[in-house]
Structure formats: structure tokens, C-alpha cells
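Heads up, work09.tsv below (TSV, C-alpha atoms):
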```
chain	number	residue	atom	x	y	z
A	1	MET	CA	-18.73	33.23	-18.32
A	2	ASP	CA	-17.65	36.83	-18.06
A	3	PHE	CA	-19.56	38.21	-15.09
A	4	LEU	CA	-20.47	41.31	-17.14
A	5	GLU	CA	-22.79	39.08	-19.17
A	6	ILE	CA	-24.84	38.50	-16.02
A	7	MET	CA	-24.79	42.25	-15.28
A	8	ARG	CA	-26.03	43.03	-18.78
A	9	GLU	CA	-28.65	40.28	-19.03
A	10	ARG	CA	-30.20	40.15	-15.58
A	11	LYS	CA	-33.14	42.54	-15.20
A	12	SER	CA	-35.75	43.19	-12.54
A	13	CYS	CA	-38.99	41.35	-13.29
A	14	ARG	CA	-42.41	42.79	-12.46
A	15	ALA	CA	-44.71	40.10	-13.90
A	16	TYR	CA	-44.63	36.52	-12.65
A	17	ASP	CA	-46.29	33.29	-13.76
A	18	PRO	CA	-48.21	32.14	-10.65
A	19	SER	CA	-48.63	28.64	-12.08
A	20	LYS	CA	-44.89	27.98	-11.99
A	21	LYS	CA	-43.72	27.32	-8.46
A	22	VAL	CA	-40.26	27.76	-6.99
A	23	THR	CA	-39.16	24.72	-4.98
A	24	ARG	CA	-37.63	24.73	-1.52
A	25	GLU	CA	-34.49	23.23	-3.04
A	26	GLU	CA	-34.24	26.18	-5.43
A	27	LEU	CA	-34.93	28.68	-2.64
A	28	LEU	CA	-32.21	27.16	-0.46
A	29	LYS	CA	-29.67	27.45	-3.29
A	30	ILE	CA	-30.60	31.12	-3.58
A	31	VAL	CA	-30.32	31.64	0.18
A	32	GLU	CA	-26.90	29.99	0.07
A	33	ALA	CA	-25.61	32.79	-2.18
A	34	GLY	CA	-26.73	35.24	0.49
A	35	ARG	CA	-25.28	33.23	3.35
A	36	LEU	CA	-21.85	33.19	1.67
A	37	THR	CA	-21.81	36.97	1.08
A	38	PRO	CA	-18.86	38.87	2.60
A	39	SER	CA	-19.71	41.52	5.20
A	40	GLY	CA	-18.04	44.19	7.32
A	41	CYS	CA	-15.91	42.47	10.00
A	42	ASN	CA	-17.58	39.26	8.73
A	43	SER	CA	-20.50	40.21	10.99
A	44	GLN	CA	-23.16	38.69	8.70
A	45	PRO	CA	-25.80	41.05	10.15
A	46	TRP	CA	-28.80	39.35	8.57
A	47	LYS	CA	-31.70	36.98	8.93
A	48	PHE	CA	-33.42	35.69	5.81
A	49	ILE	CA	-37.08	34.71	6.11
A	50	VAL	CA	-38.26	32.70	3.11
A	51	VAL	CA	-41.97	33.27	2.47
A	52	ASP	CA	-43.58	30.60	0.32
A	53	SER	CA	-46.75	29.38	2.06
A	54	PRO	CA	-50.07	30.80	0.78
A	55	GLU	CA	-50.98	32.16	4.24
A	56	ALA	CA	-47.63	33.87	4.81
A	57	LYS	CA	-47.62	35.29	1.27
A	58	GLU	CA	-51.05	36.80	1.82
A	59	LYS	CA	-49.81	38.53	4.96
A	60	LEU	CA	-46.68	39.71	3.22
A	61	CYS	CA	-48.68	41.17	0.34
A	62	ASP	CA	-50.55	43.24	2.92
A	63	ALA	CA	-47.29	44.34	4.59
A	64	LEU	CA	-46.12	45.66	1.22
A	65	VAL	CA	-48.95	48.23	1.17
A	66	LEU	CA	-48.21	51.61	2.72
A	67	GLU	CA	-50.17	54.74	3.55
A	68	ASN	CA	-52.55	55.97	0.85
A	69	ASN	CA	-52.71	52.40	-0.47
A	70	VAL	CA	-49.31	52.85	-2.15
A	71	SER	CA	-47.24	49.76	-2.93
A	72	GLY	CA	-43.94	49.45	-4.73
A	73	ALA	CA	-45.11	46.08	-6.02
A	74	PRO	CA	-48.68	46.14	-7.39
A	75	TRP	CA	-47.83	42.81	-9.10
A	76	ARG	CA	-47.00	41.11	-5.76
A	77	HIS	CA	-49.97	38.72	-5.69
A	78	GLN	CA	-48.55	36.68	-8.60
A	79	VAL	CA	-45.15	36.06	-6.98
A	80	PRO	CA	-44.45	32.40	-6.04
A	81	ALA	CA	-41.91	33.14	-3.29
A	82	PHE	CA	-40.25	35.98	-1.40
A	83	ILE	CA	-37.26	36.40	0.87
A	84	LEU	CA	-37.23	39.02	3.64
A	85	PHE	CA	-33.89	40.60	4.59
A	86	VAL	CA	-33.91	41.52	8.27
A	87	GLU	CA	-31.03	43.66	9.54
A	88	GLN	CA	-29.39	42.39	12.73
A	89	LYS	CA	-27.15	44.11	15.26
A	90	ALA	CA	-23.65	43.69	13.83
A	91	LYS	CA	-20.73	42.39	15.86
A	92	VAL	CA	-17.97	44.63	14.53
A	93	MET	CA	-14.48	45.44	15.74
A	94	GLN	CA	-14.20	48.01	18.53
A	95	CYS	CA	-12.27	50.39	16.25
A	96	VAL	CA	-15.36	50.65	13.99
A	97	VAL	CA	-17.52	51.65	16.95
A	98	ASP	CA	-14.81	54.06	18.12
A	99	HIS	CA	-14.66	55.78	14.74
A	100	TYR	CA	-18.29	55.75	13.60
A	101	GLY	CA	-20.05	55.65	16.96
A	102	ASN	CA	-22.27	52.68	16.10
A	103	THR	CA	-22.23	49.03	15.11
A	104	GLN	CA	-24.38	49.34	11.97
A	105	ARG	CA	-22.03	51.35	9.75
A	106	PHE	CA	-21.71	48.51	7.20
A	107	ALA	CA	-24.94	46.56	7.77
A	108	GLN	CA	-27.15	48.09	5.08
A	109	GLY	CA	-24.43	47.68	2.46
A	110	ASP	CA	-23.94	44.08	3.56
A	111	LEU	CA	-27.65	43.34	3.14
A	112	GLY	CA	-27.63	45.04	-0.26
A	113	ALA	CA	-24.75	42.79	-1.34
A	114	ALA	CA	-26.47	39.64	0.00
A	115	CYS	CA	-29.65	40.52	-1.88
A	116	MET	CA	-27.72	41.23	-5.09
A	117	ASN	CA	-26.02	37.84	-4.81
A	118	MET	CA	-29.36	36.10	-4.41
A	119	CYS	CA	-30.56	37.88	-7.58
A	120	HIS	CA	-27.53	36.56	-9.48
A	121	GLN	CA	-28.00	33.04	-8.13
A	122	ALA	CA	-31.68	33.03	-9.13
A	123	PHE	CA	-30.72	34.35	-12.58
A	124	SER	CA	-28.15	31.59	-13.03
A	125	MET	CA	-30.97	29.09	-12.29
A	126	GLY	CA	-33.33	30.62	-14.86
A	127	LEU	CA	-35.44	32.44	-12.27
A	128	SER	CA	-36.38	36.11	-12.18
A	129	THR	CA	-36.31	38.53	-9.26
A	130	CYS	CA	-37.22	42.02	-8.17
A	131	VAL	CA	-36.07	43.86	-5.06
A	132	ILE	CA	-38.90	45.60	-3.19
A	133	GLY	CA	-37.61	48.39	-0.97
A	134	MET	CA	-40.68	49.68	0.86
A	135	ASN	CA	-42.64	47.83	3.51
A	136	ASP	CA	-44.70	48.43	6.62
A	137	GLN	CA	-42.33	47.50	9.44
A	138	LYS	CA	-45.08	47.24	12.07
A	139	LYS	CA	-47.04	44.78	9.95
A	140	MET	CA	-43.85	42.81	9.29
A	141	GLU	CA	-43.25	42.47	13.03
A	142	LYS	CA	-46.85	41.43	13.67
A	143	TYR	CA	-47.22	38.96	10.80
A	144	PHE	CA	-43.82	37.28	10.99
A	145	GLY	CA	-43.02	37.44	14.71
A	146	ILE	CA	-40.03	39.69	14.07
A	147	PRO	CA	-38.83	41.21	17.37
A	148	GLU	CA	-39.43	44.96	17.49
A	149	GLY	CA	-36.69	47.05	15.92
A	150	ASN	CA	-35.26	44.29	13.72
A	151	GLU	CA	-35.73	46.21	10.53
A	152	VAL	CA	-36.86	44.56	7.29
A	153	ARG	CA	-34.56	46.31	4.85
A	154	LEU	CA	-35.44	44.56	1.61
A	155	VAL	CA	-37.87	42.03	0.21
A	156	LEU	CA	-36.88	39.91	-2.79
A	157	ALA	CA	-39.57	38.55	-5.12
A	158	ILE	CA	-38.62	35.31	-6.91
A	159	GLY	CA	-40.34	33.38	-9.68
A	160	HIS	CA	-40.66	32.61	-13.37
A	161	SER	CA	-41.07	35.65	-15.56
A	162	ALA	CA	-44.36	36.30	-17.32
A	163	GLU	CA	-43.13	39.54	-18.88
A	164	LYS	CA	-44.28	39.89	-22.47
A	165	SER	CA	-41.81	42.54	-23.57
A	166	SER	CA	-38.27	43.43	-22.70
A	167	PHE	CA	-36.94	46.87	-21.97
A	168	ALA	CA	-33.51	48.43	-22.19
A	169	LYS	CA	-31.54	48.95	-18.99
A	170	VAL	CA	-31.35	52.67	-18.21
A	171	ARG	CA	-28.14	53.81	-16.54
A	172	LYS	CA	-26.16	57.03	-16.17
A	173	GLU	CA	-23.28	57.44	-18.61
A	174	LEU	CA	-19.83	56.35	-17.47
A	175	LYS	CA	-18.47	59.92	-17.33
A	176	GLU	CA	-21.31	60.88	-15.01
A	177	VAL	CA	-20.42	58.25	-12.40
A	178	CYS	CA	-16.67	57.69	-12.79
A	179	SER	CA	-13.50	59.78	-12.60
A	180	PHE	CA	-9.80	59.05	-12.11
A	181	ASN	CA	-7.76	60.08	-9.08
A	182	PHE	CA	-9.94	63.11	-8.27
A	183	TRP	CA	-13.59	64.09	-7.94
A	184	GLU	CA	-15.08	65.40	-11.19
B	1	MET	CA	-21.18	28.60	-14.62
B	2	ASP	CA	-23.38	28.24	-11.58
B	3	PHE	CA	-23.10	31.56	-9.76
B	4	LEU	CA	-22.62	29.67	-6.46
B	5	GLU	CA	-19.17	28.67	-7.75
B	6	ILE	CA	-18.19	32.35	-7.73
B	7	MET	CA	-19.66	32.75	-4.23
B	8	ARG	CA	-17.67	29.77	-2.96
B	9	GLU	CA	-14.38	30.58	-4.70
B	10	ARG	CA	-14.09	34.36	-4.43
B	11	LYS	CA	-12.37	35.47	-1.23
B	12	SER	CA	-11.12	38.77	0.14
B	13	CYS	CA	-7.40	39.23	-0.52
B	14	ARG	CA	-5.09	41.00	1.92
B	15	ALA	CA	-1.72	40.57	0.21
B	16	TYR	CA	-1.05	42.01	-3.26
B	17	ASP	CA	1.82	41.73	-5.74
B	18	PRO	CA	2.88	45.36	-6.30
B	19	SER	CA	4.86	44.41	-9.42
B	20	LYS	CA	1.70	43.35	-11.28
B	21	LYS	CA	-0.28	46.37	-12.41
B	22	VAL	CA	-3.98	46.60	-13.18
B	23	THR	CA	-4.64	48.36	-16.49
B	24	ARG	CA	-7.14	51.14	-17.10
B	25	GLU	CA	-8.96	48.82	-19.47
B	26	GLU	CA	-9.35	46.26	-16.68
B	27	LEU	CA	-10.45	48.92	-14.21
B	28	LEU	CA	-13.09	50.22	-16.60
B	29	LYS	CA	-14.52	46.73	-17.05
B	30	ILE	CA	-14.77	46.47	-13.27
B	31	VAL	CA	-16.41	49.90	-13.00
B	32	GLU	CA	-18.89	48.82	-15.68
B	33	ALA	CA	-20.19	46.08	-13.37
B	34	GLY	CA	-20.85	48.78	-10.77
B	35	ARG	CA	-22.43	51.15	-13.25
B	36	LEU	CA	-24.92	48.49	-14.36
B	37	THR	CA	-25.98	47.63	-10.79
B	38	PRO	CA	-29.71	47.98	-10.01
B	39	SER	CA	-30.64	50.51	-7.33
B	40	GLY	CA	-33.68	51.77	-5.42
B	41	CYS	CA	-35.91	53.76	-7.83
B	42	ASN	CA	-33.00	53.34	-10.27
B	43	SER	CA	-31.43	56.32	-8.50
B	44	GLN	CA	-27.82	55.13	-8.99
B	45	PRO	CA	-26.71	57.17	-5.95
B	46	TRP	CA	-22.98	56.77	-6.53
B	47	LYS	CA	-19.75	58.21	-7.82
B	48	PHE	CA	-16.79	55.91	-8.37
B	49	ILE	CA	-13.32	57.44	-8.12
B	50	VAL	CA	-10.65	55.13	-9.52
B	51	VAL	CA	-7.33	55.68	-7.74
B	52	ASP	CA	-4.33	54.35	-9.66
B	53	SER	CA	-1.70	57.09	-9.83
B	54	PRO	CA	1.23	56.84	-7.38
B	55	GLU	CA	0.47	60.29	-5.93
B	56	ALA	CA	-3.23	59.65	-5.42
B	57	LYS	CA	-2.54	56.19	-3.97
B	58	GLU	CA	-0.15	57.69	-1.43
B	59	LYS	CA	-2.83	60.13	-0.31
B	60	LEU	CA	-5.44	57.40	-0.15
B	61	CYS	CA	-3.17	55.21	1.99
B	62	ASP	CA	-3.02	58.10	4.44
B	63	ALA	CA	-6.81	58.55	4.37
B	64	LEU	CA	-7.18	54.88	5.37
B	65	VAL	CA	-5.46	55.56	8.70
B	66	LEU	CA	-7.70	56.53	11.61
B	67	GLU	CA	-7.23	57.71	15.18
B	68	ASN	CA	-4.62	55.83	17.22
B	69	ASN	CA	-2.91	54.88	13.94
B	70	VAL	CA	-5.53	52.19	13.31
B	71	SER	CA	-6.12	51.02	9.74
B	72	GLY	CA	-8.38	48.28	8.45
B	73	ALA	CA	-5.84	47.69	5.69
B	74	PRO	CA	-2.24	47.53	6.95
B	75	TRP	CA	-1.38	45.90	3.58
B	76	ARG	CA	-2.68	48.92	1.60
B	77	HIS	CA	0.72	50.12	0.29
B	78	GLN	CA	1.05	47.08	-1.99
B	79	VAL	CA	-2.29	47.55	-3.74
B	80	PRO	CA	-2.06	48.50	-7.46
B	81	ALA	CA	-5.45	50.23	-7.69
B	82	PHE	CA	-8.46	51.25	-5.62
B	83	ILE	CA	-12.00	52.40	-6.28
B	84	LEU	CA	-13.76	54.83	-3.91
B	85	PHE	CA	-17.55	54.55	-3.54
B	86	VAL	CA	-19.03	57.96	-2.79
B	87	GLU	CA	-22.69	58.08	-1.76
B	88	GLN	CA	-24.78	60.66	-3.62
B	89	LYS	CA	-28.14	62.20	-2.81
B	90	ALA	CA	-30.66	59.76	-4.29
B	91	LYS	CA	-33.51	60.84	-6.53
B	92	VAL	CA	-36.25	58.54	-5.29
B	93	MET	CA	-40.01	58.51	-5.70
B	94	GLN	CA	-41.99	60.86	-3.47
B	95	CYS	CA	-43.70	57.90	-1.75
B	96	VAL	CA	-40.32	56.74	-0.45
B	97	VAL	CA	-39.67	60.15	1.12
B	98	ASP	CA	-43.24	60.22	2.47
B	99	HIS	CA	-42.81	56.84	4.17
B	100	TYR	CA	-39.21	56.93	5.36
B	101	GLY	CA	-38.69	60.68	5.72
B	102	ASN	CA	-35.51	60.79	3.66
B	103	THR	CA	-34.05	60.12	0.23
B	104	GLN	CA	-31.21	57.83	1.34
B	105	ARG	CA	-33.22	54.82	2.56
B	106	PHE	CA	-31.75	52.53	-0.13
B	107	ALA	CA	-28.46	54.24	-0.93
B	108	GLN	CA	-26.10	52.29	1.32
B	109	GLY	CA	-27.53	48.98	0.15
B	110	ASP	CA	-27.18	50.13	-3.45
B	111	LEU	CA	-23.52	50.96	-2.93
B	112	GLY	CA	-22.95	47.62	-1.22
B	113	ALA	CA	-24.44	45.85	-4.24
B	114	ALA	CA	-22.35	47.90	-6.70
B	115	CYS	CA	-19.19	47.08	-4.76
B	116	MET	CA	-20.09	43.37	-4.61
B	117	ASN	CA	-20.60	43.34	-8.37
B	118	MET	CA	-17.20	44.92	-8.94
B	119	CYS	CA	-15.68	42.18	-6.75
B	120	HIS	CA	-17.33	39.52	-8.92
B	121	GLN	CA	-16.22	41.20	-12.13
B	122	ALA	CA	-12.62	41.43	-10.91
B	123	PHE	CA	-12.76	37.76	-9.86
B	124	SER	CA	-14.00	36.73	-13.30
B	125	MET	CA	-10.95	38.52	-14.75
B	126	GLY	CA	-8.48	36.73	-12.45
B	127	LEU	CA	-8.05	39.73	-10.13
B	128	SER	CA	-8.41	39.83	-6.37
B	129	THR	CA	-10.21	42.38	-4.20
B	130	CYS	CA	-10.86	43.45	-0.64
B	131	VAL	CA	-13.50	45.88	0.60
B	132	ILE	CA	-12.14	48.42	3.09
B	133	GLY	CA	-14.92	49.90	5.23
B	134	MET	CA	-13.18	52.51	7.40
B	135	ASN	CA	-11.72	55.78	6.21
B	136	ASP	CA	-11.08	59.34	7.33
B	137	GLN	CA	-13.82	61.31	5.56
B	138	LYS	CA	-12.14	64.70	6.12
B	139	LYS	CA	-8.91	63.51	4.49
B	140	MET	CA	-10.91	62.00	1.62
B	141	GLU	CA	-12.57	65.37	0.97
B	142	LYS	CA	-9.24	67.19	1.14
B	143	TYR	CA	-7.17	64.79	-0.97
B	144	PHE	CA	-9.74	64.01	-3.67
B	145	GLY	CA	-11.71	67.25	-3.92
B	146	ILE	CA	-14.89	65.53	-2.73
B	147	PRO	CA	-17.52	68.15	-1.82
B	148	GLU	CA	-18.21	68.18	1.92
B	149	GLY	CA	-20.78	65.66	3.07
B	150	ASN	CA	-20.48	63.34	0.08
B	151	GLU	CA	-19.64	60.33	2.16
B	152	VAL	CA	-17.06	57.75	1.08
B	153	ARG	CA	-18.87	54.58	2.07
B	154	LEU	CA	-16.47	51.92	0.81
B	155	VAL	CA	-13.03	51.56	-0.74
B	156	LEU	CA	-12.25	48.58	-2.95
B	157	ALA	CA	-8.66	47.33	-3.27
B	158	ILE	CA	-7.89	45.58	-6.58
B	159	GLY	CA	-4.83	43.67	-7.73
B	160	HIS	CA	-3.10	40.36	-8.23
B	161	SER	CA	-2.99	38.18	-5.15
B	162	ALA	CA	0.31	37.50	-3.38
B	163	GLU	CA	-1.30	35.41	-0.68
B	164	LYS	CA	0.77	32.37	0.16
B	165	SER	CA	-1.91	30.35	1.89
B	166	SER	CA	-5.63	29.97	1.55
B	167	PHE	CA	-8.16	30.00	4.33
B	168	ALA	CA	-11.64	28.56	4.69
B	169	LYS	CA	-14.59	30.91	4.43
B	170	VAL	CA	-16.22	31.31	7.86
B	171	ARG	CA	-19.99	31.78	7.82
B	172	LYS	CA	-22.88	31.24	10.21
B	173	GLU	CA	-24.79	27.99	9.74
B	174	LEU	CA	-27.88	28.04	7.55
B	175	LYS	CA	-30.26	27.48	10.48
B	176	GLU	CA	-28.79	30.52	12.22
B	177	VAL	CA	-29.62	32.88	9.35
B	178	CYS	CA	-32.65	31.36	7.62
B	179	SER	CA	-36.20	30.35	8.53
B	180	PHE	CA	-39.42	29.69	6.63
B	181	ASN	CA	-42.55	31.82	6.83
B	182	PHE	CA	-41.86	33.05	10.37
B	183	TRP	CA	-39.02	34.46	12.48
B	184	GLU	CA	-37.06	31.79	14.33
```

Written form, C-alpha cells:
Amino acid sequence: MDFLEIMRERKSCRAYDPSKKVTREELLKIVEAGRLTPSGCNSQPWKFIVVDSPEAKEKLCDALVLENNVSGAPWRHQVPAFILFVEQKAKVMQCVVDHYGNTQRFAQGDLGAACMNMCHQAFSMGLSTCVIGMNDQKKMEKYFGIPEGNEVRLVLAIGHSAEKSSFAKVRKELKEVCSFNFWE
Amino acid sequence: MDFLEIMRERKSCRAYDPSKKVTREELLKIVEAGRLTPSGCNSQPWKFIVVDSPEAKEKLCDALVLENNVSGAPWRHQVPAFILFVEQKAKVMQCVVDHYGNTQRFAQGDLGAACMNMCHQAFSMGLSTCVIGMNDQKKMEKYFGIPEGNEVRLVLAIGHSAEKSSFAKVRKELKEVCSFNFWE
């Protein structure tokens, strides 16, 4: 399969069928795609917390609500399983610290790549996903025993789609995002 | 194809055959995988600069050298083509700015995902890649006309592998990176 077919077909899903569960076996295959992801200095600066019990999901749904009752995922209560991406202190080469002054220069990009790979793996298993960016860090620490300062960067929703209609992918035109040999 | 096969087989490549070129058509297919990448609030906070001319590649090779003559890519002179990932100011929803205090909360993760997707696309075309994390931002701005402050986050090397031996992927064990419903 040309990988571009996955890029064209896979879409974020914002309606899930709560009657169709995702098994631990399926979740572990998805996590495996994250575990194998390359990272800066191979630091693997991540912890993945799979959330699939009813009690933990209820807590998570609350941690996805922010001030003014805003949530990036109003459809969250129908999701069968989630994965939390927690950024860890990265063990990088000294020259990285010398140049950039910190160890986390690559960490967010690494977590973004790991999450993308889990989306692809879920897609290749017939499952749908959506990345949720916003969360209440303090609630995350309280509900999931995450040590203070270990930031939850992303939350991935996983399940079987219940979307009734499809929509076209909206992206900037090629000329707007790409040039050759010089900034344009 | 199970996506995990790509995750298991694709490896970073640090030796390229300079006699085997990468065509513009191939490069544009790779860029397309980046262009289609999902991003926070669909902000697509990126510019991709493809570097494939001899003059531009020479400049880039210099911009990949840091203080004390350190480079993360001593093999860079053999690479047929590169893509620069320049982070752009992200247009995100107001609630993101309200909660996190800035527009760039998701940008680095988005660029990491776009770069990962380009690696997969190249792999599915029989090409090899390596992500180079460190660069001299000031030289990048000077050599490629990048407006000040538009940070080059990643550089992707693309070409045909000339590696003589293979190596095993080294990753943390599952139990070290994954737990269920609570931090462990």
C-alpha cells in the first residue's frame, strides 16, 4: 500500500459507537506503534497511560473540561478508550543541551510523531481516532497519579466510528506550504 | 499492510549513495504526506523548504554545523535531498490561547507528526531518511531567506541507503513506557 493512501483516507473522528469496545489486545498493538517511534537522541521521552476502565474514563472526561466549561471534545463520553501522552525528561546528548540550553528541544515533536503513529496503527486495524490537545493538567495529576510537572501533552481517543457523514480534508495548497531551495 | 510492519522495518539511515538522485516528483510525493498531516485546530503551522540544488545543499551542510564543529550529521555531504521544517505562527482557537497563554502549544508536535509522515512516505517509495534535530538558526535565516524568528525545527535527509550493515532497533520495554488507568 502506498502510504499516501493512509494519509488521504484517515480522518479524525468525533462520533463513536459506545457499544463497540476496543480490546486490550487492540490497544497494545496501537501502543506498540508509539513505542517503536523514533525520537531525538532515541530518548523516547514518553509515558503512555491507556484509559479504558469506566471509572478512569469518567475522571478523564472531567479532566478534558477547562475554564468556562470549554472542552475540545464534547463527544468524549462515547469514546471506548483513550491514551494519554505524558512528556518525560529527555536524556539527550550533551551537545543538544549545550546548543539549545535544555533537554526538551525535541520532546514535543517526538510525542507528536508517536501519537500520529498510533493513529495510523488504529486506522490499519479499522479503528478511528481523534487527538485531543487541551486538558486540565492539575486534574490529570490528581486523577491519574501523575507526578507534578510531567505534562500531559496529548490525549488520543480510540474507537469505532459512528459518524453519519464524511467531510473533505481541508488543507493549505501546496504552494502555500512548500518552496524549493529558498523561502517563498 | 499492517502499519506495524512499517514501524518495525523503517529505520533511520546515516549513509547515502550520492550517485542515486531523488527526483522532484518523488520529493513532491513525500511533501504531500506532510501537507496532509493533521494538526492542532487544523492550523498547519509549517513551511517545508525542499533543498536539492548543489548550491543550496552546500549552504545547508554548513548550517548543520554548530559550535565546536559539532554536527548531528557528519554524513550530510552524501545526502541527495533535504526538507527543512519551519515552524509558523499557528492560528488556533481562542480557547487554546486562553488556557495555555500562547498560540504554539501544539506546533512542535504537529511538525513532528508531519516529519514522521514524510519518513513513512519515503519508506513506502523505497527511499531512506534521517531526521536531523540540531541546526544553526542564524545561518538558516541567512542562507535560505527565512524571516527572523521562524524557527527551523527539523531537517529531514532523504536518499538511497548505502548502509552496509543493519542494526536492531533499540527501544524501552513496554512496561517502562505503558500503564493502564493510572501512572506507574

Handout entry: Ser43 (chain A) surroundings by only C-alpha atoms, 10 Å radius, close-in-sequence under 3 positions cut, as a ChimeraX atom specification
Key = /A:38-40,46,88-93,103-104,106-107,110 /B:171-172

Practice task
Between A:Leu111, A:Met140, A:Cys41, A:Val79, single out the one closest to Val97 (chain A), counting all atoms listed in the file.
Solution key: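 Closest residue, counting all atoms listed in the file: A:Cys41.
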
Exercise for the section: Dump as a VMD selection string the residues of chain B that approach chain A to within 7 Å, counting all atoms listed in the file. Expected result: chain B and resid 1 to 4 7 33 36 40 46 to 53 56 108 to 113 116 120 to 121 124 133 144 to 146 171 177 to 183

Exercise for the section: To one decimal in Å, tell me the separation between CA of Gly126 (chain B) and CA of Gly159 (chain B). Expected result: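 These atoms are spaced 9.2 Å apart.
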
Handout entry: Interatomic distance (Å, one decimal) between CA of Ala63 (chain A) and CA of His77 (chain A)
Key =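 Rounded to one decimal, the two atoms are 12.0 Å apart.
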